[in-house]
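Peer 1: My structure is in final_18.cif, and what it holds is mmCIF, C-alpha atoms and all ligand atoms:
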```cif
data_run
loop_
_atom_site.label_atom_id
_atom_site.label_comp_id
_atom_site.auth_asym_id
_atom_site.auth_seq_id
_atom_site.Cartn_x
_atom_site.Cartn_y
_atom_site.Cartn_z
CA MET A 20 -13.18 19.95 11.96
CA MET A 21 -16.71 20.97 11.03
CA ALA A 22 -16.97 24.49 9.64
CA PHE A 23 -20.57 25.52 9.02
CA MET A 24 -23.40 27.16 10.86
CA PRO A 25 -25.26 24.56 12.94
CA ASP A 26 -28.56 25.79 11.46
CA GLN A 27 -27.43 24.50 8.05
CA LEU A 28 -27.21 21.03 9.54
CA THR A 29 -30.64 21.46 11.13
CA LEU A 30 -32.08 22.68 7.83
CA ALA A 31 -30.55 19.73 5.97
CA ARG A 32 -31.94 17.30 8.55
CA GLU A 33 -35.43 18.79 8.25
CA VAL A 34 -35.41 18.71 4.47
CA ILE A 35 -34.25 15.09 4.48
CA SER A 36 -36.84 14.05 7.06
CA ARG A 37 -39.65 15.43 4.84
CA ALA A 38 -38.31 14.25 1.45
CA ARG A 39 -40.53 11.95 -0.58
CA SER A 40 -37.58 10.75 -2.66
CA ILE A 41 -33.90 10.84 -1.69
CA ALA A 42 -30.94 10.20 -3.98
CA ILE A 43 -27.42 10.05 -2.60
CA LEU A 44 -24.14 10.01 -4.50
CA THR A 45 -21.02 8.84 -2.68
CA GLY A 46 -17.36 8.89 -3.66
CA ALA A 47 -14.08 7.76 -2.19
CA GLY A 48 -14.33 10.30 0.65
CA ILE A 49 -16.99 8.28 2.45
CA SER A 50 -14.56 5.37 2.80
CA ALA A 51 -11.59 7.51 3.87
CA GLU A 52 -12.46 7.06 7.55
CA SER A 53 -12.48 3.28 6.95
CA GLY A 54 -8.80 3.51 6.00
CA ILE A 55 -9.29 3.31 2.22
CA GLY A 56 -7.32 6.03 0.45
CA THR A 57 -9.06 8.41 -1.92
CA PHE A 58 -7.88 8.96 -5.50
CA ARG A 59 -7.05 12.66 -5.67
CA ASP A 60 -5.66 13.58 -2.27
CA ALA A 61 -2.46 15.45 -3.17
CA LEU A 62 -0.26 13.28 -0.95
CA THR A 63 -1.99 10.02 -0.14
CA GLY A 64 -4.35 9.68 -3.13
CA LEU A 65 -3.97 6.61 -5.34
CA TRP A 66 -3.58 8.80 -8.41
CA ALA A 67 -0.85 10.83 -6.68
CA ARG A 68 1.19 7.64 -6.24
CA PHE A 69 0.25 5.60 -9.31
CA LYS A 70 -0.46 6.47 -12.94
CA PRO A 71 -4.04 5.58 -13.86
CA GLU A 72 -3.09 5.04 -17.51
CA GLU A 73 -0.69 2.26 -16.39
CA LEU A 74 -3.21 0.50 -14.13
CA ALA A 75 -6.79 1.42 -14.87
CA THR A 76 -7.26 1.03 -18.61
CA ALA A 77 -7.86 -1.96 -20.88
CA GLU A 78 -4.66 -1.05 -22.75
CA ALA A 79 -2.63 -1.21 -19.52
CA PHE A 80 -4.13 -4.62 -18.73
CA LEU A 81 -3.27 -6.02 -22.15
CA ALA A 82 0.25 -4.59 -21.94
CA ASP A 83 0.95 -6.09 -18.49
CA PRO A 84 -1.97 -8.17 -17.17
CA LYS A 85 0.01 -9.55 -14.21
CA ARG A 86 0.94 -6.07 -12.94
CA VAL A 87 -2.63 -4.80 -13.21
CA TRP A 88 -4.08 -7.95 -11.60
CA GLU A 89 -1.62 -7.71 -8.70
CA TRP A 90 -2.31 -4.01 -8.12
CA TYR A 91 -6.04 -4.75 -7.84
CA ALA A 92 -5.27 -7.78 -5.63
CA TRP A 93 -3.44 -5.40 -3.27
CA ARG A 94 -6.37 -2.97 -3.25
CA ARG A 95 -8.79 -5.89 -2.72
CA THR A 96 -6.84 -6.87 0.40
CA THR A 97 -7.19 -3.32 1.80
CA VAL A 98 -10.92 -3.38 1.08
CA ALA A 99 -11.39 -6.84 2.62
CA GLN A 100 -9.81 -5.63 5.87
CA ALA A 101 -11.83 -2.40 6.03
CA LEU A 102 -14.96 -1.91 8.09
CA PRO A 103 -17.80 0.51 7.35
CA ASN A 104 -17.56 3.75 9.33
CA ALA A 105 -20.15 6.02 10.94
CA GLY A 106 -20.90 7.62 7.56
CA HIS A 107 -21.79 4.31 5.89
CA ALA A 108 -23.84 3.32 8.93
CA ALA A 109 -25.77 6.60 8.90
CA LEU A 110 -26.74 6.15 5.24
CA ALA A 111 -27.92 2.58 5.90
CA GLU A 112 -30.02 3.87 8.81
CA LEU A 113 -31.38 6.74 6.70
CA GLU A 114 -32.51 4.20 4.10
CA ARG A 115 -34.33 2.14 6.76
CA GLN A 116 -36.05 5.24 8.14
CA SER A 117 -36.96 6.54 4.68
CA ILE A 118 -38.45 3.22 3.56
CA ALA A 119 -40.38 3.00 6.84
CA ARG A 120 -42.15 6.26 6.01
CA ASP A 121 -42.67 5.21 2.36
CA ALA A 122 -40.11 7.53 0.80
CA ASP A 123 -37.97 6.42 -2.16
CA PHE A 124 -34.30 6.00 -1.41
CA THR A 125 -31.44 5.32 -3.84
CA LEU A 126 -27.78 5.24 -2.91
CA ILE A 127 -25.59 5.77 -5.98
CA THR A 128 -21.91 5.10 -5.41
CA GLN A 129 -18.76 5.51 -7.44
CA ASN A 130 -16.95 3.32 -4.93
CA VAL A 131 -15.95 -0.23 -5.78
CA ASP A 132 -15.29 -1.30 -2.17
CA GLY A 133 -18.76 -2.72 -1.41
CA LEU A 134 -18.78 -1.12 2.06
CA HIS A 135 -22.30 0.30 1.66
CA HIS A 136 -23.61 -3.27 1.35
CA VAL A 137 -21.55 -4.38 4.33
CA ALA A 138 -23.04 -1.50 6.34
CA GLY A 139 -26.57 -2.71 5.51
CA SER A 140 -27.59 -0.42 2.63
CA ARG A 141 -29.97 -2.21 0.25
CA ASN A 142 -30.82 -0.07 -2.78
CA VAL A 143 -27.25 0.57 -3.90
CA VAL A 144 -26.37 1.47 -7.49
CA GLU A 145 -22.71 0.76 -8.21
CA LEU A 146 -21.69 3.02 -11.08
CA HIS A 147 -18.07 1.85 -11.29
CA GLY A 148 -18.45 -1.87 -10.51
CA ASN A 149 -17.15 -3.77 -7.50
CA ILE A 150 -13.56 -4.77 -6.79
CA ARG A 151 -14.73 -7.86 -4.90
CA ARG A 152 -15.93 -9.33 -8.22
CA VAL A 153 -14.03 -10.23 -11.37
CA MET A 154 -15.10 -10.71 -14.96
CA CYS A 155 -13.34 -12.12 -17.99
CA PHE A 156 -11.73 -9.75 -20.43
CA ASP A 157 -13.28 -11.20 -23.58
CA HIS A 158 -16.92 -11.82 -22.63
CA HIS A 159 -17.46 -10.13 -19.27
CA HIS A 160 -18.51 -13.40 -17.59
CA GLN A 161 -18.72 -12.39 -13.91
CA ALA A 162 -17.37 -14.38 -10.96
CA VAL A 163 -17.03 -13.84 -7.21
CA SER A 164 -14.46 -16.58 -6.66
CA TRP A 165 -11.44 -17.73 -8.63
CA SER A 166 -8.26 -19.76 -8.21
CA GLU A 167 -5.44 -17.94 -6.40
CA VAL A 168 -2.88 -20.55 -7.44
CA GLY A 169 -1.38 -20.99 -10.88
CA GLU A 170 -1.59 -18.54 -13.71
CA ILE A 171 -1.85 -14.77 -13.02
CA PRO A 172 -4.32 -13.47 -13.95
CA PRO A 173 -6.44 -16.60 -13.54
CA ARG A 174 -8.62 -17.76 -16.46
CA CYS A 175 -12.39 -17.61 -16.85
CA ALA A 176 -14.04 -20.93 -15.95
CA GLN A 177 -16.52 -20.46 -18.82
CA CYS A 178 -14.42 -19.29 -21.76
CA GLY A 179 -10.77 -19.40 -20.72
CA SER A 180 -10.04 -15.71 -21.32
CA MET A 181 -8.13 -13.68 -18.72
CA LEU A 182 -9.96 -12.51 -15.61
CA ARG A 183 -9.88 -8.80 -14.71
CA PRO A 184 -11.51 -6.84 -11.90
CA ASP A 185 -15.19 -6.05 -12.48
CA VAL A 186 -14.60 -2.30 -12.28
CA VAL A 187 -14.99 0.45 -14.85
CA TRP A 188 -11.67 1.56 -16.30
CA PHE A 189 -10.89 4.89 -17.93
CA GLY A 190 -12.26 4.88 -21.46
CA GLU A 191 -14.96 2.29 -20.66
CA MET A 192 -18.72 2.71 -20.57
CA LEU A 193 -20.53 2.55 -17.24
CA PRO A 194 -22.86 -0.44 -16.76
CA GLU A 195 -26.04 0.60 -18.58
CA ASP A 196 -28.48 -0.64 -15.91
CA ALA A 197 -26.62 1.21 -13.17
CA LEU A 198 -26.46 4.45 -15.13
CA ASP A 199 -30.18 4.23 -15.99
CA ALA A 200 -31.09 3.62 -12.35
CA ALA A 201 -28.88 6.51 -11.23
CA MET A 202 -30.42 8.90 -13.75
CA ARG A 203 -33.97 7.86 -12.82
CA ALA A 204 -33.32 8.42 -9.11
CA THR A 205 -31.53 11.70 -9.79
CA ARG A 206 -34.31 13.12 -11.95
CA SER A 207 -37.12 12.10 -9.61
CA CYS A 208 -35.66 12.95 -6.19
CA ASP A 209 -36.55 16.00 -4.15
CA VAL A 210 -33.33 15.86 -2.12
CA PHE A 211 -29.94 14.97 -3.59
CA LEU A 212 -27.01 14.44 -1.23
CA SER A 213 -23.46 14.43 -2.64
CA VAL A 214 -20.95 12.93 -0.20
CA GLY A 215 -17.16 12.65 -0.43
CA THR A 216 -16.63 13.06 -4.14
CA SER A 217 -14.38 15.54 -5.92
CA SER A 218 -17.03 15.69 -8.67
CA VAL A 219 -14.59 15.65 -11.56
CA VAL A 220 -15.29 12.25 -13.13
CA GLU A 221 -18.23 12.11 -15.51
CA PRO A 222 -20.99 11.14 -15.72
CA ALA A 223 -21.28 10.97 -11.90
CA ALA A 224 -20.03 14.55 -11.58
CA SER A 225 -23.09 15.85 -13.41
CA LEU A 226 -25.70 14.06 -11.32
CA PRO A 227 -26.03 16.82 -8.68
CA LEU A 228 -26.50 19.36 -11.46
CA VAL A 229 -29.15 17.21 -13.14
CA ALA A 230 -30.93 16.91 -9.79
CA ARG A 231 -30.78 20.66 -9.21
CA GLN A 232 -32.16 21.38 -12.69
CA ALA A 233 -35.00 18.94 -12.03
CA GLY A 234 -35.90 20.94 -8.92
CA ALA A 235 -34.21 19.01 -6.13
CA MET A 236 -32.54 20.47 -3.07
CA VAL A 237 -28.81 19.65 -3.39
CA ILE A 238 -26.79 19.12 -0.21
CA GLU A 239 -23.03 18.55 -0.27
CA VAL A 240 -20.96 16.89 2.47
CA ASN A 241 -17.22 17.31 1.97
CA PRO A 242 -14.30 18.78 3.95
CA ASP A 243 -13.37 20.77 0.81
CA THR A 244 -15.20 22.74 -1.83
CA THR A 245 -15.76 21.02 -5.19
CA PRO A 246 -17.27 21.99 -8.56
CA VAL A 247 -20.65 20.98 -7.07
CA THR A 248 -20.43 23.44 -4.18
CA ALA A 249 -21.75 26.36 -6.21
CA ALA A 250 -24.83 24.37 -7.24
CA ALA A 251 -25.58 23.10 -3.73
CA GLN A 252 -28.15 24.97 -1.65
CA ILE A 253 -26.57 23.53 1.51
CA SER A 254 -22.84 22.82 1.92
CA LEU A 255 -21.74 20.96 5.02
CA ARG A 256 -17.96 21.17 5.45
CA GLY A 257 -16.65 18.20 7.36
CA THR A 258 -16.07 14.49 7.06
CA ALA A 259 -18.76 11.95 6.27
CA GLY A 260 -18.29 10.27 9.65
CA GLU A 261 -18.73 13.56 11.48
CA ILE A 262 -21.68 14.94 9.55
CA LEU A 263 -23.88 12.13 8.24
CA PRO A 264 -24.99 10.81 11.66
CA GLY A 265 -26.24 14.34 12.39
CA LEU A 266 -28.49 14.26 9.32
CA LEU A 267 -30.62 11.42 10.67
CA PRO A 268 -34.05 12.60 11.76
CA HIS A 269 -34.11 12.97 15.56
P1 LIG B 301 -11.59 11.60 -5.26
O1 LIG B 301 -10.35 11.05 -4.63
O2 LIG B 301 -11.46 12.29 -6.56
O3 LIG B 301 -12.29 12.64 -4.24
C1 LIG B 301 -12.48 12.32 -2.89
C2 LIG B 301 -13.27 13.44 -2.24
O4 LIG B 301 -13.55 13.07 -0.91
C3 LIG B 301 -12.54 14.79 -2.18
O5 LIG B 301 -13.42 15.83 -2.61
C4 LIG B 301 -12.20 14.96 -0.71
O6 LIG B 301 -12.23 16.32 -0.28
C5 LIG B 301 -13.32 14.18 -0.06
N1 LIG B 301 -13.01 13.61 1.28
C6 LIG B 301 -11.81 13.24 1.78
N2 LIG B 301 -11.96 12.71 3.01
C7 LIG B 301 -13.28 12.74 3.29
C8 LIG B 301 -14.09 12.32 4.41
N3 LIG B 301 -13.54 11.73 5.47
N4 LIG B 301 -15.44 12.51 4.33
C9 LIG B 301 -15.99 13.08 3.24
N5 LIG B 301 -15.29 13.48 2.16
C10 LIG B 301 -13.96 13.32 2.18
O7 LIG B 301 -12.66 10.39 -5.32
P2 LIG B 301 -13.96 10.27 -6.21
O8 LIG B 301 -14.63 11.58 -6.37
O9 LIG B 301 -14.74 9.15 -5.65
O10 LIG B 301 -13.08 5.97 -10.79
O11 LIG B 301 -13.34 9.82 -7.59
C11 LIG B 301 -14.22 9.50 -8.66
C12 LIG B 301 -13.65 8.39 -9.47
O12 LIG B 301 -12.30 8.70 -9.88
C13 LIG B 301 -13.49 7.07 -8.73
O13 LIG B 301 -14.69 6.32 -8.67
C14 LIG B 301 -12.46 6.38 -9.55
C15 LIG B 301 -11.50 7.49 -9.77
O14 LIG B 301 -10.67 7.40 -10.90
C16 LIG B 301 -12.86 4.74 -11.28
O15 LIG B 301 -12.12 3.96 -10.74
C17 LIG B 301 -13.63 4.44 -12.51
#
```
Take the structure in the file and write it out as C-alpha cells.
Peer 2:
Amino acid sequence: MMAFMPDQLTLAREVISRARSIAILTGAGISAESGIGTFRDALTGLWARFKPEELATAEAFLADPKRVWEWYAWRRTTVAQALPNAGHAALAELERQSIARDADFTLITQNVDGLHHVAGSRNVVELHGNIRRVMCFDHHHQAVSWSEVGEIPPRCAQCGSMLRPDVVWFGEMLPEDALDAAMRATRSCDVFLSVGTSSVVEPAASLPLVARQAGAMVIEVNPDTTPVTAAAQISLRGTAGEILPGLLPH
C-alpha cells in the first residue's frame, strides 16, 4: 500500500523530468515483485534462512566448493525463471526518455540477477557482479557458459582452476571500473533515486549521501524507512512496481 502525499509523487516526477543527469541505485527490493527474495526480510530473506559466512565468502568456497556452487546454481535457476516487473520496465523507459532529451542516465545496481538488462536498460553499472556469469577462482577468467556434467564446481577452460560465480563476496573488493562509474554518476547527477535497498552494505549505502553532499535531490522508493530516509528530500513509501511507473514524465 502506498503511504505518501500524492504531491510528493508529482514533485518527484517533475524533478526527474527536468533533471540533466539522473543516477539510480537499485537493490534487491526492485526484484521482489519478480519473485526473487531479498536478503534481509526478517522471514523470507536469504540471510534469514542461510548464513552468509557459509555461502558468500572465499573462505566458505574453499572449505566446501560443491556446497557453495550448488547454492548459487539454485539461485541462478530462480533468476533464470524470473521476469522483469513494472519497476524494471519503468526504469528502462525512464532511460529511453532521458537519453531522448539529452540527459545523462546511469543505473547502478547491487543486484546480480541481470533483470535490468532483460528489461531493456542499457547504461547499467553492476556493483556486485552478475550471477549469470562465472569466473575462475585463481585468475578471474570470466565465462558465460560451462559444463554442467562432471566435476562440481566445473573447471576453468583457460587455466583449470575451479569456477565460482562472478559475484562479489563478503570481504572482496568491488570491481574497480564499476565503482568508478558509480561514483562519477553519483557525484555529477542532479537527481539520485534510491530504490529497494536497505542501505546497509557499503560502499553502495553511501552513494545517496555522496549525491546529497554534491547537491543532488535524493528520492527514496521503499516500503520501509532505511538509513537513507533522513537524507532524502522525497521519500515515496511503496513498492517499486507501484511507484516507479508513476515517476515517468506524463
Ligand atoms: P536487502 O534485502 O538488504 O534490502 C531490500 C530492501 O528492499 C529493503 O529495504 C526492503 O524494505 C525493500 N523492499 C522489499 N520489497 C520491495 C519492493 N517490492 N519494492 C521496493 N523495495 C522493496 O537488499 P539490498 O539492500 O539489495 O550483496 O542488499 C545489499 C547487498 O546485501 C546485496 O547486494 C547483497 C547482500 O548481501 C552481495 O551479495 C555482495
Peer 1: Give me, please, the distance in Å between CA of Val143 (chain A) and CA of Val247 (chain A), quoted to one decimal.
Peer 2: 21.7 Å
Peer 1: At a cut-off of 9 Å around ligand LIG 301 (chain B), and using all atoms listed in the file, what residues come up? Please write them as a ChimeraX atom specification.
Peer 2: /A:45-53,56-60,64-66,71,75,106,128-131,146-148,186-189,191,193,214-221,223-224,240-245,256-262
Peer 1: Pick out the residues sitting within 8 Å of Ala138 (chain A), and hand them over as a compact mmCIF listing (two decimals) with C-alpha atoms, in the frame of the given file; count all atoms listed in the file, and ignore anything fewer than 3 positions along from it in its own chain.
Peer 2:
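Written file, part03.txt:
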```txt
# COMPACT_ATOMS: atom_id res chain seq x y z
CA PRO A 103 -17.80 0.51 7.35
CA HIS A 107 -21.79 4.31 5.89
CA ALA A 108 -23.84 3.32 8.93
CA ALA A 111 -27.92 2.58 5.90
CA LEU A 134 -18.78 -1.12 2.06
CA HIS A 135 -22.30 0.30 1.66
```
Peer 1: Have a look at A:Glu78, A:Glu112, A:Asp196, A:Asp123 and name the one nearest to Arg37 (chain A); count only C-alpha atoms.
Peer 2: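 Among the listed residues, A:Asp123 lies closest to Arg37 (chain A).
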Peer 1: In Å, how far is it from CA of Met202 (chain A) to CA of Gly234 (chain A)?
Peer 2: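 CA of Gly234 (chain A) lies 14.1 Å from CA of Met202 (chain A).
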Peer 1: Would you compute the distance between CA of Trp93 (chain A) and CA of Gly179 (chain A)? Give it in Å to one decimal.
Peer 2: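 Interatomic distance here is 23.5 Å.
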Peer 1: Measuring atom to atom with all atoms listed in the file, identify which of A:Arg203, A:Gln116, A:Asn104, A:Thr97 is nearest to His269 (chain A).
Peer 2: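 Distance minimum relative to His269 (chain A) lands on A:Gln116.
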Peer 1: Which residues come within 12 Å of Phe156 (chain A), counting only C-alpha atoms, excluding same-chain residues fewer than 4 positions away, as a ChimeraX atom specification?
Peer 2: /A:76-78,80-81,84,88,160-162,172-175,177-186
Peer 1: Using only C-alpha atoms, pick whichever of A:Val137, A:Ala204, A:Met154, A:Met192 has the shortest atom-to-atom distance to Pro222 (chain A).
Peer 2: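 Once distances to Pro222 (chain A) are computed over only C-alpha atoms, the minimum belongs to A:Met192.
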Peer 1: Just want the 7 Å neighbourhood of region 26-33 of chain A, counted on all atoms listed in the file, with same-chain residues fewer than 4 positions away dropped. Output as a list in words.
Peer 2: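 Once the nearby chain positions are removed, what remains is Arg37, Ile253, Leu266, Leu267 and Pro268 of chain A.
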Peer 1: Could you write out the selected residues, including C-alpha atoms, as a JSON list (two decimals), in the coordinates of the input?
Peer 2:
```json
[["chain", "number", "residue", "atom", "x", "y", "z"],
["A", 37, "ARG", "CA", -39.65, 15.43, 4.84],
["A", 253, "ILE", "CA", -26.57, 23.53, 1.51],
["A", 266, "LEU", "CA", -28.49, 14.26, 9.32],
["A", 267, "LEU", "CA", -30.62, 11.42, 10.67],
["A", 268, "PRO", "CA", -34.05, 12.60, 11.76]]
```
Peer 1: Could you give me, as a ChimeraX atom specification, the residues within 10 Å of Gln100 (chain A), counting only C-alpha atoms and dropping anything in the same chain fewer than 5 positions from it?
Peer 2: /A:53-55,95
Peer 1: Looking at A:Phe69, A:Ala79, A:Gly133, A:Glu239, which one is nearest to Gly190 (chain A), with distances taken over all atoms listed in the file?
Peer 2: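 Ranked by minimum distance to Gly190 (chain A), first place goes to A:Ala79.
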